[in-house]
$ cat entry-v1.txt   # compact mmCIF, C-alpha atoms
# COMPACT_ATOMS: atom_id res chain seq x y z
CA MET A 1 -33.58 21.30 4.13
CA THR A 2 -29.90 22.27 4.26
CA GLU A 3 -30.81 25.88 3.55
CA LYS A 4 -33.34 25.89 6.41
CA ILE A 5 -30.77 24.50 8.85
CA ILE A 6 -28.21 27.09 7.82
CA GLU A 7 -30.79 29.86 8.11
CA SER A 8 -31.70 28.66 11.59
CA ILE A 9 -28.04 28.78 12.69
CA LYS A 10 -27.65 32.26 11.25
CA ASN A 11 -30.73 33.53 13.03
CA LYS A 12 -29.69 32.02 16.34
CA TYR A 13 -25.96 32.90 16.43
CA HIS A 14 -25.37 35.57 13.77
CA PRO A 15 -22.01 33.90 13.00
CA LEU A 16 -18.98 35.79 11.76
CA THR A 17 -17.76 32.48 10.38
CA LEU A 18 -19.69 29.31 9.53
CA ILE A 19 -17.98 26.17 8.22
CA VAL A 20 -20.05 23.09 7.38
CA TYR A 21 -18.20 19.79 7.18
CA GLY A 22 -19.00 16.10 7.08
CA SER A 23 -21.85 14.54 5.13
CA TYR A 24 -23.86 17.74 4.59
CA ALA A 25 -20.77 19.34 3.09
CA ASP A 26 -19.97 16.56 0.62
CA GLY A 27 -23.56 15.55 -0.15
CA SER A 28 -23.41 12.06 1.39
CA GLN A 29 -25.92 12.71 4.16
CA ASN A 30 -28.76 10.33 4.90
CA ALA A 31 -31.75 10.25 7.24
CA HIS A 32 -29.49 9.50 10.22
CA SER A 33 -26.81 12.14 9.57
CA ASP A 34 -26.01 14.96 11.96
CA PHE A 35 -25.41 18.46 10.66
CA ASP A 36 -21.72 19.04 11.42
CA ALA A 37 -20.57 22.64 11.58
CA LEU A 38 -18.27 25.12 13.27
CA ALA A 39 -19.32 28.71 13.97
CA VAL A 40 -17.47 31.73 15.27
CA ALA A 41 -19.88 34.17 16.92
CA ASP A 42 -20.00 36.87 19.56
CA CYS A 43 -21.30 34.57 22.30
CA PRO A 44 -19.91 32.08 24.83
CA ALA A 45 -18.54 28.81 23.52
CA CYS A 46 -21.08 26.00 23.34
CA HIS A 47 -21.88 22.69 21.67
CA ASP A 48 -25.33 22.86 20.11
CA VAL A 49 -26.99 19.47 19.63
CA SER A 50 -30.55 20.70 19.17
CA PHE A 51 -32.81 19.60 16.31
CA VAL A 52 -33.70 21.70 13.27
CA GLU A 53 -36.20 20.34 10.76
CA GLY A 54 -35.78 16.90 12.34
CA VAL A 55 -31.98 16.94 11.90
CA GLN A 56 -29.73 17.00 14.93
CA LEU A 57 -27.03 19.63 14.98
CA ASP A 58 -23.45 18.86 15.91
CA LEU A 59 -22.45 22.50 15.99
CA PHE A 60 -19.40 23.83 17.83
CA VAL A 61 -19.63 27.56 18.53
CA TYR A 62 -16.58 29.59 19.57
CA PRO A 63 -16.10 33.29 20.35
CA PRO A 64 -13.52 35.12 18.17
CA SER A 65 -11.12 35.31 21.13
CA HIS A 66 -10.79 31.51 21.05
CA PHE A 67 -8.72 31.76 17.87
CA GLN A 68 -6.50 34.64 18.88
CA GLY A 69 -2.88 33.53 19.03
CA ALA A 70 -1.86 29.96 18.25
CA VAL A 71 -4.66 27.76 16.90
CA ASP A 72 -5.08 24.21 18.21
CA CYS A 73 -5.52 22.51 14.84
CA ASP A 74 -6.24 19.12 16.45
CA GLU A 75 -9.36 20.66 17.98
CA ILE A 76 -10.79 21.68 14.61
CA LEU A 77 -9.16 19.10 12.32
CA GLN A 78 -12.56 18.06 10.97
CA ILE A 79 -12.94 21.29 8.96
CA PHE A 80 -10.13 20.34 6.56
CA ASP A 81 -12.57 19.53 3.74
CA GLY A 82 -15.43 21.70 4.92
CA GLN A 83 -17.31 24.43 3.08
CA VAL A 84 -16.86 27.97 4.36
CA LEU A 85 -20.37 29.42 4.01
CA VAL A 86 -19.96 32.60 6.08
CA ASP A 87 -16.64 34.40 6.44
CA THR A 88 -17.11 38.03 7.44
CA ASN A 89 -13.46 38.77 8.27
CA GLY A 90 -11.60 35.94 6.51
CA LEU A 91 -11.15 33.93 9.71
CA GLY A 92 -12.81 30.82 8.26
CA ALA A 93 -10.55 30.65 5.22
CA GLY A 94 -7.56 31.24 7.47
CA LEU A 95 -8.54 28.46 9.88
CA LYS A 96 -9.04 26.01 7.06
CA ALA A 97 -5.67 26.94 5.53
CA GLN A 98 -3.94 26.42 8.88
CA VAL A 99 -5.57 23.01 9.32
CA LEU A 100 -4.53 21.89 5.83
CA ALA A 101 -0.96 23.05 6.43
CA TYR A 102 -0.96 21.22 9.77
CA MET A 103 -2.18 18.02 8.14
CA ASP A 104 0.59 18.23 5.53
CA GLN A 105 3.13 18.25 8.35
CA LEU A 106 1.64 15.36 10.32
CA PRO A 107 4.24 12.61 10.76
CA VAL A 108 3.59 9.53 8.64
CA LYS A 109 4.46 6.18 10.14
CA THR A 110 7.55 4.61 8.68
CA PRO A 111 7.13 1.32 6.80
CA ALA A 112 8.66 -0.49 9.77
CA GLU A 113 6.19 1.12 12.19
CA ALA A 114 3.26 0.31 9.89
CA ALA A 115 4.55 -3.27 9.62
CA GLN A 116 4.21 -3.64 13.38
CA GLY A 117 0.49 -2.93 12.98
CA VAL A 118 0.19 -5.74 10.45
CA GLU A 119 2.02 -8.12 12.76
CA TRP A 120 -0.51 -7.23 15.46
CA CYS A 121 -3.34 -8.03 13.01
CA GLN A 122 -1.82 -11.42 12.24
CA LYS A 123 -1.52 -12.29 15.93
CA MET A 124 -5.04 -11.06 16.58
CA LEU A 125 -6.35 -13.18 13.70
CA LEU A 126 -5.02 -16.32 15.39
CA ARG A 127 -6.72 -15.36 18.65
CA THR A 128 -10.09 -14.86 16.96
CA ARG A 129 -10.18 -18.60 16.25
CA ARG A 130 -10.81 -19.42 19.90
CA GLY A 131 -14.54 -19.07 19.33
CA ASP A 132 -15.23 -17.90 22.90
CA PRO A 133 -16.38 -14.40 23.95
CA GLU A 134 -12.80 -13.16 24.14
CA GLY A 135 -12.13 -14.46 20.63
CA LEU A 136 -15.24 -12.73 19.33
CA PHE A 137 -14.18 -9.50 21.03
CA ARG A 138 -10.81 -9.73 19.34
CA TRP A 139 -12.58 -10.33 15.99
CA HIS A 140 -14.36 -6.98 16.28
CA TRP A 141 -11.25 -5.29 17.66
CA LEU A 142 -9.24 -6.50 14.67
CA LEU A 143 -11.79 -5.17 12.18
CA THR A 144 -11.90 -1.80 13.92
CA GLU A 145 -8.17 -1.21 14.32
CA SER A 146 -7.15 -2.62 10.95
CA LEU A 147 -8.85 0.23 9.09
CA SER A 148 -6.44 2.79 10.54
CA ILE A 149 -3.55 0.34 10.05
CA PHE A 150 -4.38 0.22 6.34
CA CYS A 151 -4.14 4.03 6.32
CA ASP A 152 -0.73 3.78 7.99
CA LEU A 153 0.43 1.38 5.28
CA THR A 154 -0.64 3.72 2.50
CA GLY A 155 0.71 6.89 4.14
CA ARG A 156 -2.68 8.51 4.71
CA PRO A 157 -3.91 10.01 7.99
CA TYR A 158 -6.88 8.17 9.47
CA LEU A 159 -9.81 10.57 9.32
CA GLY A 160 -12.54 8.41 10.77
CA PRO A 161 -14.49 5.50 9.25
CA LYS A 162 -16.78 7.43 6.92
CA LYS A 163 -14.12 9.42 5.08
CA THR A 164 -11.68 6.50 5.14
CA LEU A 165 -14.15 4.02 3.67
CA ARG A 166 -15.15 6.43 0.92
CA TRP A 167 -11.49 7.05 0.09
CA MET A 168 -10.76 3.32 0.15
CA GLN A 169 -13.66 2.58 -2.18
CA GLU A 170 -12.42 5.16 -4.68
CA GLN A 171 -8.67 4.63 -4.46
CA HIS A 172 -8.28 1.01 -3.28
CA PRO A 173 -11.34 -0.92 -4.52
CA GLU A 174 -9.86 -4.37 -3.86
CA ALA A 175 -9.09 -3.46 -0.25
CA PHE A 176 -12.57 -1.97 0.14
CA ALA A 177 -14.18 -5.15 -1.23
CA ARG A 178 -12.23 -7.40 1.14
CA TYR A 179 -12.83 -5.21 4.17
CA SER A 180 -16.53 -4.89 3.37
CA LYS A 181 -16.89 -8.65 2.99
CA ALA A 182 -15.16 -9.24 6.32
CA LEU A 183 -17.59 -6.81 7.96
CA GLU A 184 -20.71 -8.13 6.29
CA THR A 185 -20.27 -11.91 6.30
CA PHE A 186 -18.50 -12.53 9.61
CA GLU A 187 -16.78 -15.47 7.92
CA ALA A 188 -13.29 -16.58 8.95
CA SER A 189 -12.20 -16.86 5.32
CA ALA A 190 -13.20 -13.24 4.66
CA LEU A 191 -11.28 -11.99 7.70
CA GLU A 192 -8.24 -14.04 6.66
CA ALA A 193 -8.42 -12.56 3.14
CA TRP A 194 -8.48 -9.03 4.57
CA VAL A 195 -5.46 -9.67 6.82
CA LEU A 196 -3.62 -11.26 3.88
CA LEU A 197 -4.19 -8.07 1.88
CA LEU A 198 -2.73 -6.06 4.76
CA LYS A 199 0.30 -8.36 4.79
CA ASN A 200 0.79 -7.99 1.04
CA THR A 201 0.40 -4.22 1.29
CA LYS A 202 3.03 -4.19 4.02
CA GLU A 203 5.44 -6.10 1.81
CA SER A 204 4.96 -3.65 -1.04
CA THR A 205 5.58 -0.64 1.21
CA LEU A 206 8.75 -2.21 2.59
CA MET A 207 10.07 -2.85 -0.93
CA ASN A 208 11.71 -0.55 -3.41
CA ILE A 209 13.70 -1.21 -6.57
CA ALA A 210 16.74 0.80 -7.62
CA ARG A 211 18.89 0.68 -10.73
CA LYS A 212 22.54 0.06 -9.91
CA SER A 213 25.86 -0.24 -11.69
CA PRO A 214 27.02 -3.78 -12.53
CA LYS A 215 30.16 -2.89 -10.55
CA ASP A 216 28.26 -1.93 -7.39
CA PRO A 217 29.42 -4.02 -4.39
CA GLU A 218 25.83 -4.97 -3.52
CA VAL A 219 25.27 -6.16 -7.09
CA LEU A 220 28.47 -8.19 -7.13
CA ALA A 221 27.53 -9.81 -3.81
CA LEU A 222 24.11 -10.80 -5.18
CA PHE A 223 25.66 -12.11 -8.40
CA SER A 224 28.07 -14.21 -6.34
CA GLU A 225 25.23 -15.66 -4.26
CA HIS A 226 23.31 -16.38 -7.46
CA ASP A 227 26.33 -18.25 -8.81
CA ASP A 228 26.65 -20.23 -5.57
CA PHE A 229 22.97 -21.16 -5.75
CA MET A 230 23.17 -22.25 -9.39
CA THR A 231 26.35 -24.26 -8.82
CA ALA A 232 24.73 -26.14 -5.92
CA PHE A 233 21.52 -26.67 -7.90
CA LEU A 234 23.27 -27.92 -11.02
CA THR A 235 25.37 -30.32 -8.96
CA GLN A 236 22.12 -32.05 -8.01
CA ASP A 237 20.34 -31.54 -11.34
CA ILE A 238 22.95 -32.70 -13.83
CA PRO A 239 23.98 -36.38 -13.90
CA SER A 240 27.40 -36.95 -12.38
CA THR A 241 28.53 -38.62 -15.60
CA ASP A 242 28.11 -35.37 -17.55
CA ASP A 243 31.06 -33.09 -18.02
CA TRP A 244 29.99 -29.53 -17.17
CA GLN A 245 31.26 -26.34 -15.61
CA TYR A 246 29.09 -23.42 -14.50
CA ALA A 247 30.33 -20.04 -15.71
CA ARG A 248 30.40 -17.58 -12.84
CA TYR A 249 29.83 -13.89 -13.45
CA SER A 250 32.43 -11.90 -15.34
CA GLN A 251 32.38 -8.62 -17.21
CA ALA A 252 32.34 -10.66 -20.42
CA GLU A 253 28.58 -11.10 -19.90
CA ALA A 254 28.25 -7.48 -21.04
CA ILE A 255 25.47 -6.67 -18.57
CA GLU A 256 23.93 -3.34 -19.53
CA ALA A 257 21.56 -2.70 -16.62
CA VAL A 258 20.96 -4.11 -13.14
CA TRP A 259 18.17 -3.51 -10.64
CA VAL A 260 18.32 -4.38 -6.96
CA ALA A 261 15.19 -4.99 -4.90
CA TYR A 262 15.42 -3.74 -1.33
CA HIS A 263 13.23 -4.97 1.49
CA ASP A 264 13.16 -2.76 4.57
CA GLY A 265 16.38 -1.18 3.35
CA GLN A 266 18.26 -4.44 2.79
CA PRO A 267 19.30 -5.77 -0.65
CA ALA A 268 17.03 -8.75 -1.22
CA GLY A 269 17.42 -9.67 -4.89
CA CYS A 270 18.39 -8.53 -8.34
CA VAL A 271 17.82 -8.84 -12.06
CA ALA A 272 20.03 -7.90 -15.00
CA TYR A 273 19.50 -7.04 -18.65
CA ARG A 274 21.57 -7.12 -21.80
CA SER A 275 20.94 -6.90 -25.53
CA LYS A 276 20.99 -10.32 -27.18
CA THR A 277 20.38 -9.60 -30.84
CA ASP A 278 18.87 -6.77 -32.78
CA GLY A 279 15.47 -6.06 -31.23
CA VAL A 280 15.75 -8.79 -28.58
CA GLY A 281 16.65 -8.17 -24.94
CA GLU A 282 17.76 -10.82 -22.47
CA VAL A 283 16.87 -11.35 -18.81
CA LYS A 284 19.89 -12.34 -16.75
CA ARG A 285 20.52 -13.27 -13.12
CA LEU A 286 17.06 -12.99 -11.61
CA PHE A 287 17.78 -13.95 -8.02
CA ILE A 288 16.12 -13.52 -4.62
CA ARG A 289 17.91 -14.24 -1.39
CA PRO A 290 16.23 -17.21 0.35
CA GLU A 291 15.04 -15.24 3.38
CA TYR A 292 13.13 -12.82 1.12
CA ARG A 293 11.38 -15.30 -1.14
CA GLY A 294 7.59 -15.49 -1.26
CA ARG A 295 7.16 -11.70 -1.03
CA GLY A 296 6.51 -10.94 -4.70
CA LEU A 297 9.97 -9.48 -5.33
CA SER A 298 10.60 -11.65 -8.41
CA LYS A 299 7.45 -10.32 -10.06
CA GLU A 300 8.42 -6.72 -9.42
CA LEU A 301 11.95 -7.24 -10.72
CA LEU A 302 10.70 -9.04 -13.82
CA ASN A 303 8.19 -6.26 -14.45
CA THR A 304 11.01 -3.74 -14.15
CA VAL A 305 13.24 -5.41 -16.73
CA LEU A 306 10.23 -6.01 -19.02
CA ASN A 307 9.36 -2.31 -18.99
CA HIS A 308 13.01 -1.45 -19.64
CA ALA A 309 13.04 -3.73 -22.70
CA LYS A 310 9.92 -2.02 -24.02
CA ASP A 311 11.55 1.38 -23.49
CA GLN A 312 14.52 0.13 -25.51
CA GLY A 313 12.20 -0.71 -28.38
CA CYS A 314 12.68 -4.47 -28.10
CA ARG A 315 10.29 -6.70 -29.99
CA ALA A 316 10.95 -9.67 -27.66
CA LEU A 317 12.53 -10.60 -24.34
CA TYR A 318 14.61 -13.77 -24.08
CA LEU A 319 15.97 -15.89 -21.23
CA ASP A 320 17.37 -19.35 -20.67
CA THR A 321 16.90 -21.55 -17.62
CA ARG A 322 16.25 -25.14 -16.68
CA ILE A 323 12.84 -26.79 -16.71
CA THR A 324 13.68 -28.25 -13.30
CA LEU A 325 13.71 -24.76 -11.77
CA GLU A 326 9.95 -25.06 -11.48
CA PRO A 327 9.13 -21.90 -9.48
CA ALA A 328 11.11 -19.75 -11.93
CA VAL A 329 9.58 -21.40 -15.00
CA SER A 330 6.07 -20.95 -13.56
CA LEU A 331 6.78 -17.26 -13.00
CA TYR A 332 8.04 -16.79 -16.54
CA GLN A 333 5.05 -18.61 -18.01
CA ALA A 334 2.69 -16.46 -15.93
CA PHE A 335 4.26 -13.43 -17.64
CA GLY A 336 3.69 -15.00 -21.06
CA PHE A 337 7.12 -16.43 -21.80
CA GLN A 338 7.00 -19.51 -24.04
CA ILE A 339 9.55 -22.28 -24.50
CA ILE A 340 11.19 -21.92 -27.91
CA PHE A 341 13.94 -24.52 -27.50
CA GLN A 342 14.62 -27.45 -25.17
CA GLU A 343 17.47 -29.89 -24.84
CA GLY A 344 17.13 -32.12 -21.83
CA ALA A 345 16.40 -29.88 -18.85
CA TYR A 346 17.87 -26.82 -20.55
CA ILE A 347 15.26 -24.47 -22.08
CA GLN A 348 15.14 -21.16 -23.86
CA MET A 349 12.07 -18.95 -23.45
CA GLU A 350 10.85 -15.83 -25.21
CA LEU A 351 8.17 -13.21 -24.62
CA PRO A 352 6.89 -11.13 -27.59
CA LEU A 353 6.58 -7.45 -26.64
$ encode --input "entry-v1.txt" --output "structure tokens"
Amino acid sequence: MTEKIIESIKNKYHPLTLIVYGSYADGSQNAHSDFDALAVADCPACHDVSFVEGVQLDLFVYPPSHFQGAVDCDEILQIFDGQVLVDTNGLGAGLKAQVLAYMDQLPVKTPAEAAQGVEWCQKMLLRTRRGDPEGLFRWHWLLTESLSIFCDLTGRPYLGPKKTLRWMQEQHPEAFARYSKALETFEASALEAWVLLLKNTKESTLMNIARKSPKDPEVLALFSEHDDFMTAFLTQDIPSTDDWQYARYSQAEAIEAVWVAYHDGQPAGCVAYRSKTDGVGEVKRLFIRPEYRGRGLSKELLNTVLNHAKDQGCRALYLDTRITLEPAVSLYQAFGFQIIFQEGAYIQMELPL
């Protein structure tokens, strides 16, 4: 059928250039698909929506003079992944190359700008719970707009629902599954799960981790805050009758490597590493500033130091903490750390690598 449609276009317009794009170009067409194409021919410009073999054309025809001088790439953006089937004078290949170059230069929203889209989704989610016609309208509005917002979060131009959904299914299957469920079930829990994924994606795009010197001022500030936190915690955790003194950071700790997690450009937490014994590395000073907790930064920092230990050829990773620091202990256990020694609330943990 595709060959008959192409032959019909050739007979009608005698195109110098013919570019087919959309579903008939990538093989995803179905019984309801239009035949999307662009033709350059010696005739007046027109938009042909006639039927050929029961398939409706969506054919844009331009005279050669239309592309003399500067090309409006926005007008023909859809040909970026099209198939050039006729190209008498090389114009088709040139147009496609210009569109691809234009797309490469399109501005990508900054993480902060993309985050604003997620905040809009979260507000809209609350308004969908009204249950009245306006709430239902906002439900559909949220589902529609959030697809392009997901593209913003991942740094990809939004190229319409069909291409975006196919890309999402291939590259982000979890996101595709949540979005599909929200569309199909019309359940509040499914919509909430989709918006939560957007929120988590936003957090990951706002975060980056950088290795720093133990002498870096940002590192020293985080170490100091970590010491303040531990001193305050231990004051409450250790009986007043016990004689103890918390050792604040000094170069005697022999820290070998430090990583700082940044959130939206601000130092949010840190983790340090040193060699303990032959073949065993030690996690030190995992700390997240209070205002940045609950964003998954601890997991990313712990993953970073774990991978570093593996690169160093370590057979195990060690740390010590207190059993009463329940969130930290739960995190370590989730990574596979096991308690190898305990005395009161003090514990030592180890993870075989």
$ closest_residue --input "entry-v1.txt" --among "A:Phe60, A:Phe80, A:Tyr21, A:Phe233" --to "Ala93 in chain A" --atoms "all atoms listed in the file"
A:Phe80
$ residues_near_point --input "entry-v1.txt" --point "(-6.0, 24.0, 5.4)" --cutoff "10 Å" --atoms "all atoms listed in the file" --output "list in words"
Cys73, Leu77, Ile79, Phe80, Asp81, Gly82, Ala93, Gly94, Leu95, Lys96, Ala97, Gln98, Val99, Leu100, Ala101, Tyr102, Met103 and Asp104 of chain A
$ closest_residue --input "entry-v1.txt" --among "A:Tyr273, A:Tyr158, A:Trp120, A:Phe67" --to "Trp141 in chain A" --atoms "all atoms listed in the file"
A:Trp120
$ residues_near_point --input "entry-v1.txt" --point "(-12.7, 32.1, 10.2)" --cutoff "9 Å" --atoms "all atoms listed in the file" --output "PyMOL selection string"
chain A and resi 16-19+39-40+64+67+84+86-96
$ atom_distance --input "entry-v1.txt" --atom1 "CA of Thr231 in chain A" --atom2 "CA of Ser298 in chain A"
20.2 Å
$ residues_around --input "entry-v1.txt" --residues "range 331-337 of chain A" --least-positions-apart "5" --cutoff "12 Å" --atoms "only C-alpha atoms" --output "list in words"
Val283, Leu286, Gly294, Gly296, Leu297, Ser298, Lys299, Glu300, Leu301, Leu302, Asn303, Leu306, Ala316, Leu317, Tyr318, Leu319, Asp320, Thr321, Arg322, Ile323, Leu325, Glu326, Ile347, Gln348, Met349, Glu350, Leu351, Pro352 and Leu353 of chain A
$ atom_distance --input "entry-v1.txt" --atom1 "CA of Thr128 in chain A" --atom2 "CA of Gln169 in chain A"
26.1 Å
$ residues_around --input "entry-v1.txt" --residues "range 218-220 of chain A" --least-positions-apart "3" --cutoff "8 Å" --atoms "only C-alpha atoms" --output "PyMOL selection string"
chain A and resi 212-215+223-224+258+260+267+270
$ atom_distance --input "entry-v1.txt" --atom1 "CA of Arg295 in chain A" --atom2 "CA of His140 in chain A"
28.0 Å
$ build_atoms --input "entry-v1.txt" --residues "range 275-299 of chain A" --atoms "N, CA, C and O atoms" --output "mmCIF file, in the coordinates of the input"
data_model
loop_
_atom_site.group_PDB
_atom_site.id
_atom_site.type_symbol
_atom_site.label_atom_id
_atom_site.label_comp_id
_atom_site.auth_asym_id
_atom_site.auth_seq_id
_atom_site.Cartn_x
_atom_site.Cartn_y
_atom_site.Cartn_z
ATOM 1 N N SER A 275 21.448 -6.696 -24.177
ATOM 2 C CA SER A 275 20.940 -6.900 -25.530
ATOM 3 C C SER A 275 21.477 -8.230 -26.045
ATOM 4 O O SER A 275 22.670 -8.534 -25.903
ATOM 5 N N LYS A 276 20.588 -9.029 -26.641
ATOM 6 C CA LYS A 276 20.990 -10.320 -27.180
ATOM 7 C C LYS A 276 21.268 -10.218 -28.682
ATOM 8 O O LYS A 276 22.359 -10.491 -29.155
ATOM 9 N N THR A 277 20.249 -9.849 -29.406
ATOM 10 C CA THR A 277 20.380 -9.600 -30.840
ATOM 11 C C THR A 277 19.589 -8.353 -31.154
ATOM 12 O O THR A 277 18.959 -7.766 -30.275
ATOM 13 N N ASP A 278 19.592 -7.962 -32.380
ATOM 14 C CA ASP A 278 18.870 -6.770 -32.780
ATOM 15 C C ASP A 278 17.377 -6.912 -32.447
ATOM 16 O O ASP A 278 16.707 -7.810 -32.952
ATOM 17 N N GLY A 279 16.887 -6.051 -31.573
ATOM 18 C CA GLY A 279 15.470 -6.060 -31.230
ATOM 19 C C GLY A 279 15.079 -7.070 -30.164
ATOM 20 O O GLY A 279 13.896 -7.195 -29.833
ATOM 21 N N VAL A 280 16.045 -7.791 -29.606
ATOM 22 C CA VAL A 280 15.750 -8.790 -28.580
ATOM 23 C C VAL A 280 16.609 -8.498 -27.349
ATOM 24 O O VAL A 280 17.836 -8.398 -27.442
ATOM 25 N N GLY A 281 15.944 -8.341 -26.198
ATOM 26 C CA GLY A 281 16.650 -8.170 -24.940
ATOM 27 C C GLY A 281 16.695 -9.478 -24.179
ATOM 28 O O GLY A 281 15.919 -10.402 -24.453
ATOM 29 N N GLU A 282 17.603 -9.566 -23.220
ATOM 30 C CA GLU A 282 17.760 -10.820 -22.470
ATOM 31 C C GLU A 282 17.715 -10.559 -20.968
ATOM 32 O O GLU A 282 18.364 -9.637 -20.460
ATOM 33 N N VAL A 283 16.938 -11.383 -20.272
ATOM 34 C CA VAL A 283 16.870 -11.350 -18.810
ATOM 35 C C VAL A 283 18.012 -12.194 -18.267
ATOM 36 O O VAL A 283 18.188 -13.348 -18.662
ATOM 37 N N LYS A 284 18.774 -11.628 -17.355
ATOM 38 C CA LYS A 284 19.890 -12.340 -16.750
ATOM 39 C C LYS A 284 19.818 -12.237 -15.232
ATOM 40 O O LYS A 284 19.375 -11.228 -14.691
ATOM 41 N N ARG A 285 20.212 -13.279 -14.560
ATOM 42 C CA ARG A 285 20.520 -13.270 -13.120
ATOM 43 C C ARG A 285 19.369 -12.779 -12.241
ATOM 44 O O ARG A 285 19.568 -11.968 -11.329
ATOM 45 N N LEU A 286 18.178 -13.257 -12.528
ATOM 46 C CA LEU A 286 17.060 -12.990 -11.610
ATOM 47 C C LEU A 286 17.265 -13.859 -10.381
ATOM 48 O O LEU A 286 17.274 -15.093 -10.457
ATOM 49 N N PHE A 287 17.423 -13.214 -9.245
ATOM 50 C CA PHE A 287 17.780 -13.950 -8.020
ATOM 51 C C PHE A 287 17.204 -13.229 -6.808
ATOM 52 O O PHE A 287 17.278 -12.005 -6.697
ATOM 53 N N ILE A 288 16.631 -14.025 -5.898
ATOM 54 C CA ILE A 288 16.120 -13.520 -4.620
ATOM 55 C C ILE A 288 16.787 -14.289 -3.496
ATOM 56 O O ILE A 288 16.835 -15.526 -3.525
ATOM 57 N N ARG A 289 17.316 -13.570 -2.545
ATOM 58 C CA ARG A 289 17.910 -14.240 -1.390
ATOM 59 C C ARG A 289 16.851 -15.086 -0.687
ATOM 60 O O ARG A 289 15.689 -14.670 -0.577
ATOM 61 N N PRO A 290 17.222 -16.271 -0.206
ATOM 62 C CA PRO A 290 16.230 -17.210 0.350
ATOM 63 C C PRO A 290 15.307 -16.611 1.400
ATOM 64 O O PRO A 290 14.110 -16.897 1.419
ATOM 65 N N GLU A 291 15.849 -15.776 2.286
ATOM 66 C CA GLU A 291 15.040 -15.240 3.380
ATOM 67 C C GLU A 291 13.990 -14.228 2.907
ATOM 68 O O GLU A 291 13.099 -13.847 3.679
ATOM 69 N N TYR A 292 14.078 -13.798 1.640
ATOM 70 C CA TYR A 292 13.130 -12.820 1.120
ATOM 71 C C TYR A 292 12.187 -13.402 0.068
ATOM 72 O O TYR A 292 11.407 -12.657 -0.541
ATOM 73 N N ARG A 293 12.242 -14.692 -0.125
ATOM 74 C CA ARG A 293 11.380 -15.300 -1.140
ATOM 75 C C ARG A 293 9.942 -15.377 -0.648
ATOM 76 O O ARG A 293 9.672 -15.395 0.547
ATOM 77 N N GLY A 294 9.007 -15.424 -1.605
ATOM 78 C CA GLY A 294 7.590 -15.490 -1.260
ATOM 79 C C GLY A 294 6.966 -14.140 -0.976
ATOM 80 O O GLY A 294 5.845 -14.065 -0.468
ATOM 81 N N ARG A 295 7.658 -13.053 -1.294
ATOM 82 C CA ARG A 295 7.160 -11.700 -1.030
ATOM 83 C C ARG A 295 6.803 -10.926 -2.297
ATOM 84 O O ARG A 295 6.512 -9.738 -2.245
ATOM 85 N N GLY A 296 6.861 -11.595 -3.441
ATOM 86 C CA GLY A 296 6.510 -10.940 -4.700
ATOM 87 C C GLY A 296 7.632 -10.133 -5.317
ATOM 88 O O GLY A 296 7.409 -9.395 -6.287
ATOM 89 N N LEU A 297 8.858 -10.266 -4.805
ATOM 90 C CA LEU A 297 9.970 -9.480 -5.330
ATOM 91 C C LEU A 297 10.326 -9.882 -6.758
ATOM 92 O O LEU A 297 10.679 -9.028 -7.584
ATOM 93 N N SER A 298 10.263 -11.185 -7.054
ATOM 94 C CA SER A 298 10.600 -11.650 -8.410
ATOM 95 C C SER A 298 9.687 -11.014 -9.449
ATOM 96 O O SER A 298 10.143 -10.602 -10.524
ATOM 97 N N LYS A 299 8.400 -10.919 -9.123
ATOM 98 C CA LYS A 299 7.450 -10.320 -10.060
ATOM 99 C C LYS A 299 7.784 -8.856 -10.316
ATOM 100 O O LYS A 299 7.748 -8.384 -11.466
#
